[in-house]
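Chemist: Structure file query16.txt (compact mmCIF, C-alpha atoms) is given on the next line.
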```txt
# COMPACT_ATOMS: atom_id res chain seq x y z
CA MET A 13 0.00 0.00 0.00
CA ASN A 14 1.22 3.48 -0.87
CA THR A 15 0.95 5.06 2.59
CA SER A 16 1.31 8.66 1.39
CA ALA A 17 -1.43 8.24 -1.20
CA HIS A 18 -3.73 6.62 1.35
CA ILE A 19 -3.14 9.46 3.82
CA ASP A 20 -4.11 11.90 1.05
CA GLU A 21 -7.34 9.95 0.42
CA LEU A 22 -8.27 10.07 4.10
CA LYS A 23 -7.44 13.77 4.30
CA HIS A 24 -9.84 14.33 1.40
CA ILE A 25 -12.57 12.50 3.37
CA LEU A 26 -11.92 14.65 6.41
CA HIS A 27 -11.91 17.81 4.31
CA SER A 28 -15.33 16.82 2.92
CA LEU A 29 -16.58 16.19 6.44
CA LEU A 30 -15.53 19.67 7.59
CA ASN A 31 -17.18 21.24 4.55
CA GLU A 32 -20.36 19.34 5.32
CA ALA A 33 -20.33 20.72 8.85
CA LYS A 34 -20.04 24.26 7.49
CA GLN A 35 -22.91 23.66 5.06
CA GLN A 36 -25.07 22.45 7.93
CA GLY A 37 -24.51 25.72 9.77
CA ALA A 38 -21.65 24.98 12.17
CA SER A 39 -19.53 28.01 12.99
CA ALA A 40 -16.50 25.79 13.66
CA ALA A 41 -15.62 22.10 13.56
CA GLN A 42 -12.85 19.65 14.34
CA ALA A 43 -12.62 16.05 13.18
CA GLY A 44 -10.34 13.05 13.51
CA LEU A 45 -10.10 9.88 11.47
CA SER A 46 -8.10 6.75 12.20
CA GLN A 47 -7.52 3.41 10.51
CA GLU A 48 -5.62 0.63 12.25
CA ASN A 49 -4.76 -2.96 11.52
CA GLY A 50 -2.58 -5.55 13.16
CA LEU A 51 -1.92 -9.07 14.36
CA SER A 52 -2.03 -10.44 17.90
CA VAL A 53 -0.98 -13.98 18.78
CA SER A 54 -0.81 -15.64 22.19
CA VAL A 55 0.47 -19.08 23.16
CA ARG A 56 0.32 -20.96 26.44
CA LEU A 57 2.20 -24.11 27.35
CA GLY A 58 3.20 -24.59 23.74
CA GLU A 59 -0.32 -24.33 22.36
CA VAL A 60 -1.77 -21.47 20.36
CA GLU A 61 -4.49 -19.78 22.40
CA THR A 62 -5.53 -16.84 20.24
CA ILE A 63 -4.87 -15.45 16.78
CA GLU A 64 -6.49 -12.10 16.12
CA HIS A 65 -6.32 -9.98 12.99
CA HIS A 66 -7.40 -6.41 13.73
CA CYS A 67 -8.85 -3.99 11.23
CA ASP A 68 -10.59 -0.96 12.68
CA GLN A 69 -11.52 2.51 11.56
CA GLY A 70 -13.33 5.39 13.15
CA LEU A 71 -14.28 8.96 12.46
CA GLY A 72 -15.36 11.54 15.00
CA ILE A 73 -16.46 15.15 14.62
CA THR A 74 -17.11 17.97 17.06
CA VAL A 75 -19.07 20.98 15.86
CA TYR A 76 -19.67 24.37 17.44
CA PHE A 77 -22.57 26.73 17.00
CA ASP A 78 -20.82 29.62 18.67
CA GLN A 79 -20.23 28.16 22.16
CA HIS A 80 -22.72 25.33 21.77
CA LYS A 81 -20.91 22.01 21.25
CA GLY A 82 -21.96 18.65 19.82
CA SER A 83 -20.05 15.49 18.92
CA ALA A 84 -20.77 12.32 16.97
CA SER A 85 -18.81 9.41 15.54
CA THR A 86 -19.06 6.57 13.04
CA SER A 87 -17.05 3.70 11.60
CA ASP A 88 -18.71 4.05 8.19
CA LEU A 89 -16.86 6.38 5.81
CA SER A 90 -19.47 6.41 3.06
CA PRO A 91 -20.76 9.87 1.95
CA ASP A 92 -24.23 9.20 3.32
CA SER A 93 -22.84 8.13 6.69
CA ILE A 94 -20.61 11.21 6.86
CA LYS A 95 -23.58 13.50 6.28
CA GLU A 96 -25.63 11.69 8.91
CA THR A 97 -22.79 11.89 11.44
CA VAL A 98 -22.43 15.63 10.90
CA ARG A 99 -26.19 16.02 11.15
CA ALA A 100 -26.19 14.16 14.49
CA ALA A 101 -23.39 16.34 15.88
CA CYS A 102 -25.17 19.52 14.79
CA SER A 103 -28.44 18.35 16.31
CA ILE A 104 -26.74 17.70 19.64
CA ALA A 105 -25.03 21.11 19.58
CA ARG A 106 -28.32 22.92 19.12
CA TYR A 107 -29.60 21.46 22.39
CA THR A 108 -26.51 21.91 24.58
CA SER A 109 -25.91 24.83 26.89
CA ALA A 110 -23.47 27.50 25.80
CA ASP A 111 -20.01 27.25 27.31
CA PRO A 112 -17.93 30.43 26.97
CA PHE A 113 -14.69 28.43 27.11
CA ALA A 114 -15.62 25.94 24.36
CA GLY A 115 -14.20 26.17 20.87
CA LEU A 116 -11.26 25.40 18.65
CA PRO A 117 -7.71 26.19 19.75
CA ASP A 118 -6.16 29.56 19.02
CA GLN A 119 -5.09 29.56 15.39
CA ASP A 120 -1.62 30.93 16.09
CA LEU A 121 -0.89 27.89 18.28
CA LEU A 122 -1.60 25.33 15.54
CA GLN A 123 1.33 23.36 14.17
CA THR A 124 2.54 24.51 10.76
CA GLU A 125 5.76 22.47 10.54
CA PHE A 126 5.74 18.69 10.60
CA PRO A 127 9.12 17.13 11.30
CA LYS A 128 9.69 13.48 10.45
CA LEU A 129 9.69 11.60 13.75
CA ASP A 130 10.47 8.04 12.53
CA LEU A 131 7.18 6.62 13.80
CA TYR A 132 6.32 4.20 11.00
CA HIS A 133 8.03 0.81 10.69
CA PRO A 134 5.62 -1.84 9.37
CA TRP A 135 6.56 -5.42 10.25
CA SER A 136 5.86 -8.17 7.72
CA LEU A 137 5.00 -10.57 10.51
CA THR A 138 3.25 -13.75 9.41
CA THR A 139 1.05 -15.73 11.77
CA ASP A 140 3.48 -18.67 11.75
CA HIS A 141 6.43 -16.44 12.57
CA ALA A 142 4.48 -14.75 15.37
CA ILE A 143 3.65 -18.17 16.84
CA ASP A 144 7.31 -19.19 16.64
CA LEU A 145 8.50 -16.01 18.40
CA ALA A 146 5.93 -16.30 21.19
CA THR A 147 6.73 -20.01 21.63
CA GLN A 148 10.47 -19.32 21.84
CA CYS A 149 9.80 -16.69 24.48
CA GLU A 150 7.62 -18.95 26.61
CA ASN A 151 9.91 -21.99 26.25
CA THR A 152 12.88 -19.94 27.43
CA ALA A 153 10.93 -18.95 30.54
CA LEU A 154 9.61 -22.45 31.24
CA ASN A 155 13.08 -24.01 30.95
CA PHE A 156 14.89 -21.34 32.94
CA HIS A 157 14.53 -22.90 36.41
CA PRO A 158 12.95 -26.05 37.92
CA ALA A 159 10.73 -23.87 40.10
CA ILE A 160 8.90 -22.50 37.04
CA SER A 161 5.73 -24.57 37.26
CA ASN A 162 3.21 -22.97 34.94
CA SER A 163 2.65 -20.21 32.43
CA GLU A 164 0.11 -17.52 31.76
CA GLY A 165 1.46 -17.43 28.21
CA ALA A 166 3.43 -15.28 25.83
CA SER A 167 1.90 -12.75 23.45
CA ILE A 168 3.12 -10.86 20.43
CA ASN A 169 1.38 -7.85 18.93
CA SER A 170 2.04 -5.83 15.80
CA HIS A 171 -0.08 -2.81 14.93
CA GLN A 172 0.07 -0.05 12.37
CA GLY A 173 -2.27 2.83 11.77
CA ILE A 174 -2.97 6.14 10.11
CA HIS A 175 -4.31 9.14 12.01
CA ILE A 176 -5.76 12.28 10.42
CA LEU A 177 -6.75 15.47 12.23
CA GLY A 178 -8.37 18.56 10.80
CA ASN A 179 -10.39 21.61 11.76
CA SER A 180 -12.18 24.51 10.15
CA LEU A 181 -9.25 26.85 10.86
CA GLY A 182 -7.40 25.19 7.98
CA PHE A 183 -5.40 22.62 9.93
CA LEU A 184 -5.31 19.25 8.15
CA HIS A 185 -2.58 16.69 8.66
CA GLY A 186 -2.08 12.96 8.85
CA TYR A 187 0.68 10.50 9.71
CA ALA A 188 1.31 6.77 9.95
CA SER A 189 2.69 5.00 13.00
CA THR A 190 3.50 1.50 14.25
CA ARG A 191 3.82 -0.25 17.61
CA HIS A 192 5.10 -3.77 18.24
CA SER A 193 5.42 -5.72 21.49
CA LEU A 194 6.26 -9.10 22.99
CA SER A 195 5.42 -10.19 26.56
CA CYS A 196 5.58 -13.25 28.77
CA SER A 197 4.20 -14.19 32.20
CA VAL A 198 5.03 -17.35 34.18
CA LEU A 199 4.47 -18.86 37.60
CA ALA A 200 6.95 -20.44 40.00
CA GLN A 201 6.41 -22.65 43.03
CA ALA A 202 8.62 -23.72 45.94
CA ASP A 203 6.99 -25.53 48.87
CA ASP A 204 3.95 -23.44 49.81
CA SER A 205 5.13 -20.32 48.00
CA MET A 206 3.76 -19.52 44.56
CA GLN A 207 4.60 -16.38 42.60
CA ARG A 208 4.02 -14.89 39.18
CA ASP A 209 5.79 -12.15 37.29
CA TYR A 210 6.20 -10.95 33.74
CA TRP A 211 8.30 -8.92 31.35
CA TYR A 212 7.74 -7.22 28.02
CA THR A 213 9.43 -5.29 25.27
CA VAL A 214 7.83 -2.65 23.05
CA ALA A 215 9.04 -0.45 20.19
CA ARG A 216 7.88 1.29 17.05
CA ASN A 217 10.49 -0.63 15.05
CA ALA A 218 10.55 -4.41 15.51
CA VAL A 219 14.34 -4.52 15.17
CA HIS A 220 14.54 -2.63 18.47
CA LEU A 221 12.57 -5.28 20.39
CA ASP A 222 14.45 -7.43 22.87
CA SER A 223 14.88 -11.02 21.66
CA PRO A 224 12.21 -13.60 22.64
CA GLU A 225 14.86 -15.39 24.69
CA GLN A 226 15.72 -12.25 26.63
CA VAL A 227 12.07 -11.47 27.40
CA GLY A 228 11.41 -15.04 28.54
CA LYS A 229 14.55 -15.18 30.66
CA THR A 230 13.78 -11.86 32.36
CA ALA A 231 10.19 -12.90 33.08
CA ALA A 232 11.43 -16.15 34.65
CA GLU A 233 14.19 -14.46 36.66
CA ARG A 234 11.74 -11.95 38.07
CA THR A 235 9.33 -14.74 39.02
CA VAL A 236 11.84 -17.07 40.69
CA ARG A 237 13.44 -14.36 42.78
CA ARG A 238 10.07 -13.60 44.41
CA LEU A 239 9.70 -17.09 45.94
CA ASN A 240 9.48 -17.43 49.72
CA ALA A 241 8.57 -13.78 50.19
CA ARG A 242 7.91 -12.39 53.67
CA SER A 243 5.94 -9.51 55.08
CA LEU A 244 7.47 -6.67 57.09
CA SER A 245 6.67 -5.21 60.49
CA PRO A 246 5.65 -1.52 60.59
CA ARG A 247 8.60 0.81 60.09
CA GLN A 248 9.89 4.00 58.51
CA CYS A 249 12.65 3.46 55.97
CA PRO A 250 14.04 4.54 52.59
CA VAL A 251 12.20 3.25 49.52
CA LEU A 252 13.72 2.63 46.11
CA TYR A 253 11.22 2.46 43.23
CA SER A 254 12.36 0.31 40.29
CA ALA A 255 12.51 2.21 37.01
CA ASN A 256 9.55 0.38 35.48
CA ILE A 257 7.17 1.49 38.26
CA ALA A 258 8.73 4.85 39.15
CA SER A 259 6.90 6.34 36.17
CA GLY A 260 3.72 6.15 38.24
CA LEU A 261 5.07 8.77 40.63
CA PHE A 262 5.48 11.22 37.79
CA GLY A 263 2.15 10.23 36.29
CA SER A 264 0.62 11.42 39.57
CA LEU A 265 2.53 14.69 39.18
CA ILE A 266 1.03 15.20 35.71
CA GLY A 267 -2.44 14.45 37.04
CA ALA A 268 -1.99 17.05 39.76
CA ILE A 269 -0.88 19.81 37.36
CA SER A 270 -3.35 19.04 34.57
CA GLY A 271 -5.90 21.66 33.62
CA GLY A 272 -8.98 19.79 34.78
CA ALA A 273 -7.63 19.30 38.29
CA LEU A 274 -6.49 22.92 38.44
CA TYR A 275 -9.69 24.67 37.37
CA ARG A 276 -11.73 22.37 39.61
CA LYS A 277 -9.33 23.21 42.46
CA SER A 278 -9.00 19.49 43.15
CA THR A 279 -5.24 19.10 43.37
CA PHE A 280 -2.62 19.26 46.10
CA LEU A 281 -0.46 21.33 43.73
CA LEU A 282 -2.95 24.18 43.28
CA ASP A 283 -1.22 27.57 42.87
CA CYS A 284 2.23 25.98 43.01
CA LEU A 285 3.63 27.41 39.78
CA ASP A 286 7.20 28.66 40.31
CA THR A 287 7.40 27.07 43.74
CA LEU A 288 9.86 24.40 44.88
CA ILE A 289 8.16 20.99 44.79
CA PHE A 290 11.24 18.78 44.21
CA PRO A 291 14.90 18.92 45.26
CA GLU A 292 16.90 21.33 43.12
CA PHE A 293 18.61 18.57 41.12
CA VAL A 294 15.30 17.33 39.66
CA HIS A 295 14.69 18.25 36.02
CA ILE A 296 11.49 17.04 34.31
CA HIS A 297 10.78 18.01 30.73
CA GLU A 298 8.86 17.05 27.60
CA GLN A 299 10.70 15.93 24.46
CA PRO A 300 8.00 15.47 21.81
CA TYR A 301 10.38 15.33 18.84
CA LEU A 302 12.52 12.34 19.86
CA GLN A 303 13.08 10.10 16.86
CA GLY A 304 11.13 6.84 17.04
CA ALA A 305 10.02 7.27 20.66
CA LEU A 306 6.65 5.98 21.78
CA GLY A 307 5.36 9.41 22.88
CA SER A 308 6.65 11.53 20.00
CA ALA A 309 4.17 13.83 18.26
CA ALA A 310 4.37 17.07 16.29
CA TYR A 311 1.00 18.25 17.62
CA ASP A 312 -1.56 17.36 20.25
CA ASN A 313 -5.12 16.09 19.82
CA GLU A 314 -6.28 19.60 18.87
CA GLY A 315 -3.52 20.30 16.34
CA VAL A 316 -1.68 22.61 18.74
CA ALA A 317 2.08 22.45 18.19
CA THR A 318 4.00 20.46 20.76
CA HIS A 319 7.31 21.81 21.97
CA ALA A 320 10.20 20.78 24.16
CA HIS A 321 9.80 22.54 27.47
CA ASP A 322 10.46 22.20 31.19
CA ILE A 323 7.79 20.99 33.58
CA VAL A 324 10.16 21.09 36.56
CA ASN A 325 13.55 22.79 36.51
CA GLN A 326 15.87 23.11 39.52
CA GLY A 327 13.04 21.62 41.56
CA LEU A 328 10.63 24.44 40.64
CA LEU A 329 7.30 23.77 38.94
CA ARG A 330 7.65 25.68 35.67
CA SER A 331 4.58 24.66 33.65
CA TYR A 332 1.12 23.23 33.95
CA VAL A 333 -0.27 20.67 31.48
CA LEU A 334 -3.16 22.28 29.59
CA ASN A 335 -5.43 21.84 26.60
CA SER A 336 -7.30 24.75 25.06
CA TYR A 337 -10.42 24.43 27.19
CA SER A 338 -8.63 24.23 30.55
CA ALA A 339 -6.26 27.02 29.51
CA ARG A 340 -9.19 29.34 28.83
CA LYS A 341 -10.80 28.42 32.14
CA LEU A 342 -7.55 29.38 33.87
CA GLY A 343 -6.85 32.49 31.80
CA LEU A 344 -3.71 30.85 30.38
CA GLN A 345 -2.51 29.41 27.06
CA SER A 346 -2.58 25.79 25.88
CA THR A 347 0.68 23.95 26.48
CA GLY A 348 0.04 21.53 23.59
CA ASN A 349 -1.09 18.72 25.88
CA ALA A 350 -4.60 17.89 24.68
CA GLY A 351 -4.58 14.11 24.96
CA GLY A 352 -1.61 13.97 27.33
CA ILE A 353 2.13 14.42 27.58
CA HIS A 354 4.79 13.55 25.00
CA ASN A 355 7.94 11.75 26.15
CA LEU A 356 8.01 13.12 29.67
CA THR A 357 11.66 12.79 30.61
CA ILE A 358 12.94 12.72 34.18
CA GLU A 359 16.57 13.63 33.74
CA PRO A 360 18.65 10.75 35.14
CA GLY A 361 21.48 11.08 37.59
CA THR A 362 24.84 9.33 37.32
CA GLN A 363 24.22 6.45 39.73
CA THR A 364 23.64 2.92 38.49
CA PHE A 365 21.03 0.71 40.11
CA ALA A 366 23.72 -1.02 42.16
CA GLU A 367 24.99 2.35 43.36
CA LEU A 368 21.46 3.37 44.35
CA LEU A 369 21.23 0.24 46.52
CA THR A 370 24.50 1.24 48.16
CA THR A 371 23.23 4.78 48.73
CA MET A 372 20.01 3.46 50.27
CA ASP A 373 22.02 1.02 52.46
CA THR A 374 19.01 -0.44 54.30
CA GLY A 375 15.44 -0.15 53.07
CA LEU A 376 12.78 -1.38 50.70
CA TYR A 377 13.26 -1.96 46.97
CA VAL A 378 9.78 -1.88 45.37
CA THR A 379 9.16 -3.80 42.13
CA GLU A 380 5.36 -4.00 42.09
CA LEU A 381 2.49 -1.77 43.18
CA MET A 382 -1.17 -2.69 43.62
CA GLY A 383 -4.34 -0.72 44.14
CA GLN A 384 -5.29 2.86 43.32
CA GLY A 385 -4.52 4.56 46.63
CA VAL A 386 -3.45 7.96 45.32
CA ASN A 387 -5.54 11.00 46.22
CA ILE A 388 -4.67 13.87 43.87
CA VAL A 389 -6.75 16.31 45.93
CA THR A 390 -4.74 15.83 49.14
CA GLY A 391 -1.60 14.10 47.84
CA ASP A 392 -2.17 11.18 50.23
CA TYR A 393 -0.51 8.03 48.91
CA SER A 394 -1.03 4.42 50.03
CA ARG A 395 -0.35 1.44 47.77
CA GLY A 396 -0.03 -2.28 48.16
CA ALA A 397 3.51 -3.29 47.28
CA ALA A 398 5.95 -6.13 46.76
CA GLY A 399 9.69 -6.11 46.32
CA PHE A 400 12.84 -6.86 48.30
CA TRP A 401 14.35 -5.96 51.63
CA VAL A 402 17.85 -4.51 51.34
CA GLU A 403 20.56 -4.36 54.01
CA HIS A 404 23.98 -2.73 53.61
CA GLY A 405 23.27 -2.22 49.91
CA VAL A 406 22.61 -5.92 49.24
CA ILE A 407 19.22 -7.51 48.47
CA GLN A 408 18.40 -9.92 51.31
CA TYR A 409 14.97 -11.47 50.61
CA PRO A 410 11.69 -10.84 48.77
CA VAL A 411 8.77 -9.18 50.55
CA GLU A 412 5.04 -9.08 49.82
CA GLU A 413 1.71 -8.23 51.44
CA ILE A 414 2.87 -4.81 52.57
CA THR A 415 1.68 -1.25 52.05
CA ILE A 416 3.80 1.84 51.51
CA ALA A 417 2.38 5.21 52.46
CA GLY A 418 3.19 8.90 52.49
CA ASN A 419 2.10 12.16 50.91
CA LEU A 420 3.18 12.98 47.37
CA LYS A 421 4.20 16.51 48.30
CA ASP A 422 6.55 15.12 50.94
CA MET A 423 7.65 12.21 48.74
CA PHE A 424 8.61 14.50 45.86
CA LYS A 425 10.76 16.66 48.14
CA ALA A 426 12.32 13.56 49.74
CA ILE A 427 13.76 12.19 46.47
CA ILE A 428 17.45 11.56 47.09
CA ALA A 429 18.52 10.29 43.68
CA ILE A 430 17.29 9.22 40.24
CA GLY A 431 19.20 6.37 38.63
CA ASN A 432 20.63 6.15 35.13
CA ASP A 433 18.77 2.86 34.46
CA VAL A 434 16.11 4.65 32.40
CA ASP A 435 13.11 2.61 31.22
CA LEU A 436 12.26 3.73 27.66
CA ARG A 437 9.19 1.51 27.17
CA GLY A 438 6.58 4.18 27.77
CA ASN A 439 5.65 7.83 27.52
CA ILE A 440 7.31 8.61 30.89
CA ARG A 441 11.05 7.98 30.78
CA THR A 442 12.71 7.62 34.16
CA GLY A 443 15.30 5.64 36.05
CA SER A 444 14.86 4.14 39.51
CA VAL A 445 13.86 6.68 42.17
CA LEU A 446 15.18 6.67 45.75
CA ILE A 447 13.00 8.34 48.39
CA GLU A 448 14.51 9.16 51.77
CA GLN A 449 11.71 7.77 53.93
CA MET A 450 8.22 6.31 53.74
CA SER A 451 5.92 4.39 56.07
CA ILE A 452 5.81 0.61 55.65
CA ALA A 453 3.23 -1.76 57.11
CA GLY A 454 2.29 -5.39 56.70
CA VAL A 455 -1.10 -6.02 55.14
```
Please go through the file and, once you have read it, give me the structure as structure tokens.

Modeler:
Amino acid sequence: MNTSAHIDELKHILHSLLNEAKQQGASAAQAGLSQENGLSVSVRLGEVETIEHHCDQGLGITVYFDQHKGSASTSDLSPDSIKETVRAACSIARYTSADPFAGLPDQDLLQTEFPKLDLYHPWSLTTDHAIDLATQCENTALNFHPAISNSEGASINSHQGIHILGNSLGFLHGYASTRHSLSCSVLAQADDSMQRDYWYTVARNAVHLDSPEQVGKTAAERTVRRLNARSLSPRQCPVLYSANIASGLFGSLIGAISGGALYRKSTFLLDCLDTLIFPEFVHIHEQPYLQGALGSAAYDNEGVATHAHDIVNQGLLRSYVLNSYSARKLGLQSTGNAGGIHNLTIEPGTQTFAELLTTMDTGLYVTELMGQGVNIVTGDYSRGAAGFWVEHGVIQYPVEEITIAGNLKDMFKAIIAIGNDVDLRGNIRTGSVLIEQMSIAGV
């Protein structure tokens, strides 16, 4: 398939949709169109469990009659369906209450330059090859150690898609992207102790995926090392978050400085712009133009240009995270974050993971969190956890059935170090995070 030609065809459909909205009386309109296809295969204990071929498409439009807003969507791209979808959106708008903050983004904020971000790497993955890769991954895990007793399976996924966005201000752009992944989860048993764990790899380009053997081995290693876990008595101690779960800390930060939380006054970081919320060495910034990264984007979900900028610099909160609506509610300007952040990067320090253990000396190394015990309004934090107890910089034994608790405002300021073991598998890129002290209790 000629991807460029197909993008042009879809842009023509979207252009027609926006014209139809104008003809039906809308004063402004924005629309998005996506087409995706892919292959997902899972195996368990050497047998194929699922083979799924995906082929989806969807079109959505939002229209404005001044400040009256209506939205509708469809998966049918025929001319008649497009007209009916626009008609439905317009009908809804005529019955909604006026909202003075509703509307398209400011035109001077729309993206006009579209750098190539290396997002599209289709993978000619056949079903048989996918089964072979998943089987290799699971077999490596199952054969890693005698304690590995069962498997929840291995899965491989390959997806590619085209996304088009346009509005009545003249913005109209589309791009293709891909995402591929491989994962494995196994169980281990020793006496009365049974544990499970997993690992995965994900990338836009399949050549950047870890090998099936490496994924299977890591999943098995992580599972076996959790056997014979203990609980802990109540205590206060340092806590080291592994890189793959530390991203959740900074996800909570983004939630607390997002526009919706701010204009509703439902965040513990209300009115904290330009105040010290982290130690001075902490630098958190967006990098939307990284080549091939999972969170890269030239514009947000409204067409507003993304840009590299600081969220936190020298420990000071430098920017909120706003779309056009929340920016207007707050009397500010969109930060290009409609739909979320783009490659949020927590600048790593120089310490390796082993050096972080040495710095912590004695404390808790957390590798898994459970539950949703984070209150963005107050900052109160309480999560079920599992991991390892560390003494004199050396891992001693696994722990489970514990809770860790604190307040995010205090936890942010108590960060001692951020490791250089950065996990690049998501939209938040961070190394392990060492916090000076938290409360620990057995469940």

Chemist: Within 8 Å of Val378 of chain A, counting all atoms listed in the file, which residues show up once you throw out same-chain ones fewer than 5 positions away? Write them as a PyMOL selection string, please.

Modeler: chain A and resi 251-254+397-400

Chemist: In file coordinates, which residues lie within 8 Å of (-3.0, 14.4, 49.8) using all atoms listed in the file, given as a ChimeraX atom specification?

Modeler: /A:280,386-393,419-421

Chemist: Counting only C-alpha atoms, which residue out of A:Ala200, A:Val411, A:Cys284, A:Ile296 sits closest to Ser259 of chain A?

Modeler: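 Among the listed residues, the smallest separation from Ser259 of chain A belongs to A:Ile296.
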
Chemist: Taking all atoms listed in the file into account, which of A:Asn325, A:Asn151, A:Gln299, A:Thr362 comes nearest Arg56 of chain A?

Modeler: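 Distance minimum relative to Arg56 of chain A lands on A:Asn151.
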
Chemist: Give me the box for segment 107-123 of chain A as JSON, namely the centre and edge lengths in Å to one decimal of a box along x, y and z that holds every listed atom plus 6 Å on each side.

Modeler:
```
{"center_x": -14.1, "center_y": 26.2, "center_z": 20.7, "size_x": 42.9, "size_y": 21.5, "size_z": 25.1}
```

Chemist: With distances taken over only C-alpha atoms, which residue among A:Arg237, A:His80, A:Lys425, A:His192 lies nearest Ala114 of chain A?

Modeler: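 Closest candidate: A:His80.
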
Chemist: A:His185, A:Gly82, A:Leu116, A:Gln226: which is nearest Ala146 of chain A, counting all atoms listed in the file?

Modeler: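 The answer is A:Gln226, which sits nearest to Ala146 of chain A.
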
Chemist: Suppose you want the space between atom CA of Ser85 of chain A and atom CA of Ile25 of chain A; what is it in Å?

Modeler: 14.0 Å

Chemist: Can you tell me, as a ChimeraX atom specification, what residues are no more than 8 Å from Thr86 of chain A when counting only C-alpha atoms, ignoring any on the same chain fewer than 6 positions away?

Modeler: /A:70-72,93-94,97

Chemist: Could I get segment 26-48 of chain A from the block written out with C-alpha atoms, as an mmCIF file, in the first residue's frame?

Modeler:
```cif
data_model
loop_
_atom_site.group_PDB
_atom_site.id
_atom_site.type_symbol
_atom_site.label_atom_id
_atom_site.label_comp_id
_atom_site.auth_asym_id
_atom_site.auth_seq_id
_atom_site.Cartn_x
_atom_site.Cartn_y
_atom_site.Cartn_z
ATOM 1 C CA LEU A 26 -11.925 14.648 6.407
ATOM 2 C CA HIS A 27 -11.910 17.806 4.311
ATOM 3 C CA SER A 28 -15.327 16.823 2.921
ATOM 4 C CA LEU A 29 -16.576 16.192 6.437
ATOM 5 C CA LEU A 30 -15.527 19.667 7.590
ATOM 6 C CA ASN A 31 -17.181 21.241 4.550
ATOM 7 C CA GLU A 32 -20.360 19.341 5.316
ATOM 8 C CA ALA A 33 -20.334 20.724 8.850
ATOM 9 C CA LYS A 34 -20.035 24.256 7.491
ATOM 10 C CA GLN A 35 -22.909 23.661 5.061
ATOM 11 C CA GLN A 36 -25.067 22.447 7.928
ATOM 12 C CA GLY A 37 -24.507 25.721 9.770
ATOM 13 C CA ALA A 38 -21.652 24.982 12.174
ATOM 14 C CA SER A 39 -19.526 28.012 12.987
ATOM 15 C CA ALA A 40 -16.496 25.786 13.660
ATOM 16 C CA ALA A 41 -15.620 22.100 13.564
ATOM 17 C CA GLN A 42 -12.846 19.653 14.342
ATOM 18 C CA ALA A 43 -12.621 16.049 13.178
ATOM 19 C CA GLY A 44 -10.342 13.048 13.515
ATOM 20 C CA LEU A 45 -10.099 9.878 11.466
ATOM 21 C CA SER A 46 -8.102 6.749 12.202
ATOM 22 C CA GLN A 47 -7.519 3.412 10.513
ATOM 23 C CA GLU A 48 -5.621 0.631 12.251
#
```
